[in-house]
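What follows is the content of query_6.csv (CSV, C-alpha atoms).
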```csv
chain,number,residue,atom,x,y,z
A,29,MET,CA,8.3,23.5,8.1
A,30,THR,CA,7.8,23.8,4.3
A,31,ASN,CA,10.9,21.8,3.6
A,32,ASN,CA,9.7,19.1,6.0
A,33,VAL,CA,6.4,18.8,4.2
A,34,GLU,CA,8.2,18.6,0.8
A,35,SER,CA,10.0,15.5,2.1
A,36,ASN,CA,6.6,13.7,2.1
A,37,ILE,CA,7.0,13.3,-1.7
A,38,TRP,CA,10.2,11.2,-1.7
A,39,LYS,CA,9.0,9.3,1.4
A,40,LEU,CA,5.8,8.3,-0.4
A,41,TYR,CA,8.0,7.2,-3.4
A,42,VAL,CA,9.8,4.9,-1.0
A,43,ILE,CA,6.6,3.6,0.6
A,44,LYS,CA,5.1,2.9,-2.9
A,45,SER,CA,8.2,1.0,-4.1
A,46,LEU,CA,8.3,-1.1,-0.9
A,47,ARG,CA,4.6,-1.9,-0.9
A,48,TRP,CA,4.6,-2.9,-4.6
A,49,PHE,CA,7.7,-5.0,-4.2
A,50,LEU,CA,5.4,-8.1,-4.4
A,51,LEU,CA,7.9,-11.0,-4.4
A,52,VAL,CA,5.0,-13.5,-4.0
A,53,MET,CA,3.1,-12.8,-7.1
A,54,PRO,CA,4.8,-15.3,-9.5
A,55,ILE,CA,4.3,-18.2,-7.0
A,56,ILE,CA,1.2,-17.3,-5.1
A,57,VAL,CA,-1.0,-20.0,-6.8
A,58,LEU,CA,1.7,-22.7,-6.3
A,59,PHE,CA,2.0,-21.6,-2.7
A,60,PHE,CA,-1.7,-22.0,-2.1
A,61,GLN,CA,-1.7,-25.4,-3.8
A,62,GLU,CA,1.3,-26.5,-1.7
A,63,ASN,CA,-0.7,-25.7,1.4
A,64,GLY,CA,-3.7,-27.8,0.3
A,65,LEU,CA,-6.1,-25.2,-1.1
A,66,SER,CA,-8.4,-26.0,-4.0
A,67,MET,CA,-8.8,-23.7,-7.0
A,68,MET,CA,-12.2,-22.7,-5.7
A,69,GLU,CA,-10.7,-21.7,-2.3
A,70,ILE,CA,-7.9,-19.7,-4.1
A,71,LEU,CA,-10.5,-17.8,-6.1
A,72,LEU,CA,-12.6,-17.3,-3.0
A,73,LEU,CA,-9.6,-15.7,-1.2
A,74,GLN,CA,-9.0,-13.3,-4.1
A,75,SER,CA,-12.7,-12.4,-4.1
A,76,ILE,CA,-12.7,-11.7,-0.4
A,77,PHE,CA,-9.6,-9.4,-0.8
A,78,SER,CA,-11.5,-7.4,-3.5
A,79,ILE,CA,-14.7,-7.3,-1.5
A,80,GLY,CA,-12.8,-6.2,1.6
A,81,ILE,CA,-11.3,-3.3,-0.3
A,82,ILE,CA,-14.7,-2.2,-1.5
A,83,LEU,CA,-16.3,-2.5,1.9
A,84,PHE,CA,-13.6,-0.6,3.7
A,85,GLU,CA,-13.1,2.1,1.1
A,86,ILE,CA,-15.6,4.6,2.5
A,87,PRO,CA,-14.8,4.0,6.2
A,88,SER,CA,-11.1,4.4,5.5
A,89,GLY,CA,-11.7,7.6,3.6
A,90,TYR,CA,-13.7,9.0,6.6
A,91,PHE,CA,-10.9,7.9,9.0
A,92,SER,CA,-8.3,9.7,6.8
A,93,ASP,CA,-10.4,12.9,7.0
A,94,VAL,CA,-10.9,12.7,10.8
A,95,MET,CA,-7.6,11.2,12.0
A,96,GLY,CA,-5.3,12.6,9.4
A,97,ARG,CA,-3.5,11.3,6.3
A,98,LYS,CA,-0.3,10.4,8.1
A,99,ASN,CA,-2.0,8.2,10.7
A,100,THR,CA,-4.0,6.5,8.0
A,101,ILE,CA,-0.9,5.7,6.0
A,102,ILE,CA,0.8,4.4,9.1
A,103,ILE,CA,-2.1,2.0,9.8
A,104,ALA,CA,-2.1,0.9,6.1
A,105,CYS,CA,1.6,0.0,6.3
A,106,ILE,CA,1.2,-1.8,9.6
A,107,LEU,CA,-1.8,-3.8,8.2
A,108,GLY,CA,0.2,-4.7,5.1
A,109,PHE,CA,3.0,-6.0,7.3
A,110,ILE,CA,0.7,-7.9,9.6
A,111,GLY,CA,-1.1,-9.4,6.6
A,112,PHE,CA,2.0,-10.9,5.1
A,113,LEU,CA,3.3,-11.9,8.6
A,114,ILE,CA,0.2,-14.0,9.0
A,115,TYR,CA,0.7,-15.4,5.5
A,116,SER,CA,4.3,-16.4,6.4
A,117,PHE,CA,3.2,-18.5,9.3
A,118,SER,CA,-0.2,-19.9,8.1
A,119,TYR,CA,-0.8,-23.3,6.5
A,120,GLY,CA,-4.5,-23.3,5.7
A,121,PHE,CA,-7.5,-21.5,4.4
A,122,ILE,CA,-8.5,-19.7,7.7
A,123,GLY,CA,-5.0,-18.2,8.2
A,124,PHE,CA,-4.9,-17.1,4.6
A,125,LEU,CA,-8.4,-15.6,4.9
A,126,ILE,CA,-7.4,-13.5,7.9
A,127,ALA,CA,-4.3,-12.4,6.0
A,128,GLU,CA,-6.4,-11.3,3.0
A,129,LEU,CA,-8.7,-9.3,5.2
A,130,MET,CA,-5.8,-7.5,6.7
A,131,LEU,CA,-4.3,-6.8,3.3
A,132,GLY,CA,-7.7,-5.6,1.9
A,133,LEU,CA,-8.2,-3.3,4.9
A,134,GLY,CA,-4.6,-2.0,4.5
A,135,SER,CA,-5.0,-1.4,0.8
A,136,SER,CA,-8.3,0.5,1.3
A,137,PHE,CA,-6.6,2.7,4.0
A,138,LEU,CA,-3.8,3.6,1.6
A,139,SER,CA,-6.1,4.0,-1.5
A,140,GLY,CA,-6.6,7.7,-2.1
A,141,THR,CA,-4.9,8.8,1.1
A,142,ASP,CA,-1.4,8.8,-0.5
A,143,SER,CA,-2.8,11.0,-3.3
A,144,ALA,CA,-4.4,13.3,-0.8
A,145,ILE,CA,-1.3,13.8,1.2
A,146,VAL,CA,0.7,14.4,-2.0
A,147,TYR,CA,-1.7,17.1,-3.1
A,148,ASP,CA,-2.0,18.8,0.4
A,149,SER,CA,1.8,18.8,0.6
A,150,LEU,CA,2.1,20.4,-2.8
A,151,ILE,CA,-0.5,23.0,-1.9
A,152,GLN,CA,1.5,23.9,1.2
A,153,ILE,CA,4.7,24.4,-0.8
A,154,LYS,CA,2.9,26.1,-3.6
A,155,LYS,CA,3.7,23.4,-6.2
A,156,GLU,CA,0.2,22.0,-6.8
A,157,LYS,CA,0.7,22.2,-10.6
A,158,GLU,CA,3.2,19.3,-10.3
A,159,TYR,CA,0.5,17.0,-8.9
A,160,LYS,CA,-0.2,15.0,-12.1
A,161,LYS,CA,3.5,14.6,-12.8
A,162,ILE,CA,4.2,13.3,-9.3
A,163,GLU,CA,1.2,11.0,-9.4
A,164,GLY,CA,2.4,9.6,-12.7
A,165,ARG,CA,5.9,9.1,-11.2
A,166,MET,CA,4.4,7.3,-8.2
A,167,LEU,CA,2.6,4.9,-10.6
A,168,SER,CA,5.7,4.3,-12.6
A,169,ILE,CA,7.7,3.6,-9.5
A,170,GLY,CA,5.1,1.1,-8.3
A,171,ASN,CA,5.0,-0.7,-11.7
A,172,PHE,CA,8.8,-0.8,-11.9
A,173,SER,CA,9.0,-2.2,-8.4
A,174,GLU,CA,6.4,-4.8,-9.1
A,175,ALA,CA,8.2,-5.9,-12.3
A,176,ILE,CA,11.6,-6.3,-10.5
A,177,ALA,CA,10.0,-8.1,-7.6
A,178,SER,CA,8.3,-10.6,-9.9
A,179,PHE,CA,11.7,-11.4,-11.4
A,180,ILE,CA,13.5,-11.7,-8.1
A,181,GLY,CA,10.7,-13.5,-6.4
A,182,GLY,CA,11.0,-16.4,-8.8
A,183,PHE,CA,14.6,-16.9,-7.8
A,184,ILE,CA,13.9,-16.7,-4.1
A,185,ALA,CA,11.2,-19.3,-4.5
A,186,LEU,CA,13.9,-21.8,-5.5
A,187,ILE,CA,14.8,-21.9,-1.8
A,188,SER,CA,11.1,-22.6,-0.9
A,189,LEU,CA,7.7,-21.2,-1.9
A,190,ARG,CA,7.4,-19.7,1.6
A,191,ALA,CA,10.7,-17.8,1.4
A,192,PRO,CA,9.3,-14.9,-0.7
A,193,PHE,CA,6.7,-14.3,2.0
A,194,TYR,CA,9.4,-14.0,4.7
A,195,VAL,CA,11.4,-11.6,2.6
A,196,LEU,CA,8.4,-9.5,1.6
A,197,THR,CA,7.3,-9.3,5.3
A,198,ILE,CA,10.6,-7.8,6.2
A,199,ILE,CA,10.4,-5.4,3.2
A,200,LEU,CA,6.9,-4.2,4.2
A,201,PHE,CA,8.1,-3.7,7.8
A,202,LEU,CA,10.6,-1.2,6.4
A,203,ALA,CA,7.7,1.0,5.1
A,204,ILE,CA,6.4,1.7,8.6
A,205,PRO,CA,9.3,4.0,9.7
A,206,PHE,CA,8.9,6.0,6.5
A,207,ALA,CA,5.2,6.4,7.2
A,208,CYS,CA,5.9,7.4,10.7
A,209,THR,CA,8.2,10.3,9.5
A,210,LEU,CA,5.6,11.8,7.2
A,211,ILE,CA,4.6,15.3,8.0
A,212,GLU,CA,0.8,16.0,8.2
A,213,PRO,CA,0.3,18.9,5.8
A,214,LYS,CA,-2.3,21.6,6.2
A,215,ARG,CA,-5.5,20.7,4.4
A,216,LYS,CA,-7.1,22.6,1.6
A,217,LYS,CA,-10.9,22.9,1.9
A,218,TYR,CA,-12.4,22.5,-1.6
A,219,LYS,CA,-15.3,24.6,-2.8
A,220,ASN,CA,-18.1,23.1,-4.9
A,221,LYS,CA,-16.6,20.3,-7.1
A,222,GLU,CA,-13.0,21.6,-7.0
A,223,GLY,CA,-10.4,18.8,-6.3
A,224,PRO,CA,-6.9,17.8,-7.0
A,225,ILE,CA,-7.6,16.7,-10.5
A,226,LYS,CA,-9.1,19.2,-12.9
A,227,GLU,CA,-10.1,18.7,-16.5
```
Step by step, read the file and then write its structure as structure tokens.
Amino acid sequence: MTNNVESNIWKLYVIKSLRWFLLVMPIIVLFFQENGLSMMEILLLQSIFSIGIILFEIPSGYFSDVMGRKNTIIIACILGFIGFLIYSFSYGFIGFLIAELMLGLGSSFLSGTDSAIVYDSLIQIKKEKEYKKIEGRMLSIGNFSEAIASFIGGFIALISLRAPFYVLTIILFLAIPFACTLIEPKRKKYKNKEGPIKE
């Protein structure tokens, strides 16, 4: 069982790299404009995404505690996939609005939950001292994935501005099986203000 829990780490690396492989970032504004959105509507969509993350942050954290880290990450991956699937087949503000709400909810479900399952997994295999190193590695993987995706996304956009959305939707779908194979670790109950990050 310990070895199975340890596999959570590399699976989360994969999930991180897939979710941050944002091919659409270099062309997102051009995509919105091609679909008739004004600059005000574009800014409004981004604001709604940010507000959605803030509003869902506490409920998603509670869900993670009650329903488990694994289930929460599965839902986050499914919502990310649905969000970009909606984007792929939408042509106006309302469709994009629904997509942004799905993406905001998905991001809030993943936020903190991935760190929690990493730490709980490390506790179970008695390697909790490696937490900061693994978190740093996850951040680096995400940044590297995003950088590569921005470069590749520009080339895919030469086919059409919608093509990066199609490809990204497929990539995000691939994260779901990895999330489904995560192992729910035993949870450590913290005393006082103890937590995974100590000064």
Query raised in the report: Which polymer residues have any atom within 10 Å of an atom of stretch 75-91 of chain A, counting all atoms listed in the file, with same-chain residues fewer than 5 positions away left out, as JSON, numbers by chain?
Result: {"A": [69, 70, 96, 97, 99, 100, 104, 125, 126, 127, 128, 129, 130, 131, 132, 133, 134, 135, 136, 137, 138, 139, 140, 141]}
Report summary line: Among A:Ala144, A:Ile106, A:Val33, A:Ile55, A:Leu186 is approached most closely, using only C-alpha atoms, by A:Ile55
Report task. Go through A:Ile145, A:Val52, A:Ile110, A:Ile199 and flag the residue nearest A:Ile211, using all atoms listed in the file for the distances. Result ->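 Ranked by minimum distance to A:Ile211, first place goes to A:Ile145.
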**Report entry** Residue with smallest distance to A:Leu51 - pool A:Asn32, A:Phe193, A:Ala207, A:Ile198, counting only C-alpha atoms
**Finding:** A:Phe193
Query raised in the report: Quick one: of A:Asn63, A:Ser92, A:Asn171, A:Ser45, who's nearest to A:Ser143, counting all atoms listed in the file?
Result: A:Ser92
